[in-house]
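Okay, so here's the structure we're looking at.
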Amino acid sequence: MSSTAYTRPSKPPGPAGERTPPRLGKEVGRIEPKKLGIGLVAGCCLALLTYISFARLFAIYSPVFESTSMVMSNVPPAPAKQDHVLAQQESKAEDEKDPGEDETADRKEPSFAEASITCDENGVDEGFPYARPPVCELTGDVRISPKEKTMFFINPSAVGPFDGNGEKKIRPYARKDDFLLPGVVEVTIKSVSSPVVAPACTRTHNVPAVVFSVAGYTDNFFHDNTDVLIPLFLTTAHLAGEVQFLITNFKPSWVRKFTPILKKLSSYEVIDFDKEDEVHCFRRGHLGLYRDRDLIISPHPTRNPRNYSMVDYNRFLRRAFGLPRDNPAALGEKTGAKPRVLMIERKGTRKLLNLRDVAALCEELGFAVTVAEAGADVRGFAEKVNAADVLLAVHGAGLTNQIFLPTGAVLVQIVPWGKMDWMATNFYGQPARDMRLRYVEYYVSEEETTLKDKYPRDHYVFKNPLAIHAQGWPALADIVMKQDVMVNLTRFKPFLLKALDALQG
């Protein structure tokens with residue numbers, strides 16, 4: 001801010017050196033003493049007021065006072081030239097930038113007090129077998145060099161969760177699974193004392209960075225959501241699109257598949273971390289994603305401080321894909337509308353062998369039936385699901401599509417044989433309730449599974465199914481997950497009626 005105190009004239013305008021002859025002595029004698037006293041008092045008051053006014057004016061405009069918080073609080077910040085609109089949550093101080101600063105030039109080095117790092121490493125959740133990997137948030141001068149697989153953190157104090165080399169290594173995939181993590185690109189946060197020992201910025205951003213991986217179990221729709229999309233929503237939804245994504249283990253087909261969601265969360269093109277050569281500089285950086293349980297978002301002081309819920313995620317998805325229905329159809333004599341049920345057909349394992357008979361039973365009970373198989377066209381299938389009032393399927397990733405149902409719709413899960421109650425409830429049942437869906441589950445009997453054609457009835461598969469679980473996932477996948485089912489229509493009918501009643505309730 002430039003001072004105007006020194007541009008004001010120090011003397012009244014007029015010819016230089018010209019002086020007015022003194023007349024006070026001549027006039028005093030003509031004034032009565034009493035009037036003279038009053039005049040002198042008035043003149044002194046006027047002089048005092050004039051002095052105070054000029055002193056205040058000088059104080060406001062003087063460079064000495066220009067840096068004080070009291071004065072600056074009344075002065076608007078200098079206009080900033082920036083290459084991105086800042087996130088609504090960014091502070092005003094963080095927004096400021098020199099008017100002449102180039103968009104891609106290195107910005108001013110932050111003060112030491114700005115550098116901070118916090119990591120959430122409390123990955124253990126009692127009752128939930130999949131631990132969460134660490135997640136770190138950095139504030140200050142963060143320089144990301146994908147070529148070196150490193151986030152350089154200017155940290156003069158050297159304080160933080162670093163090893164003896166001043167480093168912290170994270171594989172930023174939001175499921176801590178010892179089997180898959182070796183395939184996730186490892187990214188290092190390197191604490192350095194000065195910008196001099198960090199790579200120079202080639203691109204500077206005014207939005208936060210979030211680095212995450214799409215490795216692991218992605219390309220399975222359940223894991224696409226539980227391991228990436230829901231954690232991404234949980235981590236970045238509050239930024240209202242003002243965030244830059246850098247994706248490791250980059251899969252072009254995966255990015256194309258979920259472009260509507262990525263574009264809804266970020267207003268900027270994603271960066272392929274694996275092929276990027278430039279050094280990207282940020283004021284805030286985020287390595288990894290926060291996650292909760294599978295298809296569940298619960299309140300949490302650090303992972304979910306804004307108290308997002310799965311209902312919020314459902315609403316977000318409907319907006320991202322342009323899905324019209326927030327509520328199921330209003331049924332009854334006045335509307336004449338039939339409840340619509342979408343049956344998901346499986347072509348691999350856990351097929352519903354008498355699917356056509358079940359569809360006919362649904363029609364007999366008054367449902368309008370659609371049968372479809374979930375495929376690569378996420379938007380197209382999302383539209384089918386959103387048009388339904390009831391989603392029906394055998395346990396499997398297809399049930400993840402409940403995320404597109406209108407709030408208040410019904411999910412019917414057919415649970416295969418093999419003590420699958422924990423998986424059925426935690427993977428789909430409780431999530432359905434958290435999404436404010438009505439939930440109906442049907443457990444098949446020994447007579448309704450094809451396992452009866454492979455194993456004798458005295459085998460532990462029937463006598464003690466928990467023995468399968470005790471052998472671990474390989475046994476579970478090889479036995480329980482490979483069965484098909486053929487439901488008993490008489491036994492199944494009351495469950496369809498229950499779904500119908502739930503819609504009318």
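Residues in the structure tokens are named by chain (A, B, ... in the order shown) and by number from 1 within that chain; ligands are numbered from 1 in the order shown.
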
Please produce, as a tab-separated table, a per-residue contact table for stretch 341-378 of chain A versus stretch 470-493 of chain A (criterion: any atom at most 10 Å away, only C-alpha atoms considered), showing the nearest atom pair and its distance in Å to one decimal, sorted by chain then residue number.
residue	atom	partner	partner_atom	distance
A:Arg346	CA	A:Asp484	CA	9.8
A:Gly348	CA	A:Lys482	CA	8.5
A:Thr349	CA	A:Lys482	CA	5.1
A:Arg350	CA	A:Asp484	CA	4.2
A:Lys351	CA	A:Asp484	CA	4.9
A:Leu352	CA	A:Val485	CA	5.3
A:Leu353	CA	A:Met486	CA	5.2
A:Asn354	CA	A:Met486	CA	5.6
A:Leu355	CA	A:Met486	CA	8.1
A:Asp357	CA	A:Leu489	CA	8.0
A:Val358	CA	A:Leu489	CA	7.0
A:Leu361	CA	A:Lys493	CA	7.7
A:Cys362	CA	A:Lys493	CA	8.5
A:Leu365	CA	A:Lys493	CA	8.9

Give me, as number ranges by chain, the residues of stretch 220-324 of chain A that a backbone DSSP run labels helix (DSSP H, G or I).
A: 221-239, 252-257, 259-265, 310-321

Those in stretch 106-225 of chain A with strand (DSSP E or B) from DSSP, as a ChimeraX atom specification:
/A:116-120,125,128,131,135-145,150-154,167-170,176,187-192,203-204,209-213

Which of these, A:Ile144, A:Ile117, A:Leu497, A:Leu180, has the shortest distance to A:Gly160 once you count only C-alpha atoms?
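Ranked by minimum distance to A:Gly160, first place goes to A:Ile117.
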
Pick from A:Asp277, A:Ala320, A:His223, A:Lys149, whichever lies nearest to A:Asn249 using only C-alpha atoms:
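Of A:Asp277, A:Ala320, A:His223, A:Lys149, the one nearest A:Asn249 is A:Lys149, counting only C-alpha atoms.
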
Identify which of the residues A:Pro208, A:Gly366, A:Pro431, A:Gly408 lies closest to A:Arg283, counting only C-alpha atoms when measuring atom-to-atom distances.
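Closest candidate: A:Pro208.
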
Pick the closest to A:Val394 from A:Pro416, A:Gly380, A:Pro199, A:Pro172: which is it, counting only C-alpha atoms?
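Looking at the shortest contact to A:Val394, the residue is A:Pro416.
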
Go ahead and compute the interatomic distance for atom CA of A:Ala359 and atom CA of A:Trp417, in Å to one decimal.
21.6 Å

How far is it from atom CA of A:Ile468 to atom CA of A:Ser445, in Å with one decimal?
16.9 Å

Using only C-alpha atoms, which protein or nucleic acid residues come within 8 Å of A:Glu186? Drop anything in the same chain fewer than 2 positions from it, and give the result as a PyMOL selection string.
chain A and resi 149+169-172+184+188

With N, CA and C atoms retained, could you export that selection as a compact mmCIF listing (two decimals), in the first residue's frame?
# COMPACT_ATOMS: atom_id res chain seq x y z
N LYS A 149 8.83 -40.03 -7.41
CA LYS A 149 7.84 -40.64 -6.51
C LYS A 149 7.96 -40.06 -5.10
N LYS A 169 7.12 -43.22 4.11
CA LYS A 169 6.69 -43.87 2.88
C LYS A 169 5.26 -44.40 3.04
N ILE A 170 4.44 -44.15 2.03
CA ILE A 170 3.03 -44.57 2.06
C ILE A 170 2.65 -45.15 0.71
N ARG A 171 1.90 -46.22 0.73
CA ARG A 171 1.28 -46.75 -0.48
C ARG A 171 -0.18 -46.30 -0.44
N PRO A 172 -0.55 -45.30 -1.24
CA PRO A 172 -1.82 -44.59 -1.04
C PRO A 172 -3.05 -45.28 -1.63
N VAL A 184 1.07 -51.57 -5.16
CA VAL A 184 0.70 -50.14 -5.13
C VAL A 184 1.96 -49.30 -5.14
N THR A 188 7.01 -41.31 -1.30
CA THR A 188 7.77 -40.87 -0.13
C THR A 188 7.51 -39.41 0.16

Which of these, A:Thr302, A:Gln504, A:Asn155, A:Gln430, has the shortest distance to A:Glu121 once you count only C-alpha atoms?
A:Thr302

Nearest to A:Ala198 by atom-to-atom distance, counting only C-alpha atoms, from A:Phe462, A:Phe153, A:Tyr455, A:Trp422
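Ranking A:Phe462, A:Phe153, A:Tyr455, A:Trp422 by distance to A:Ala198, first place goes to A:Phe153.
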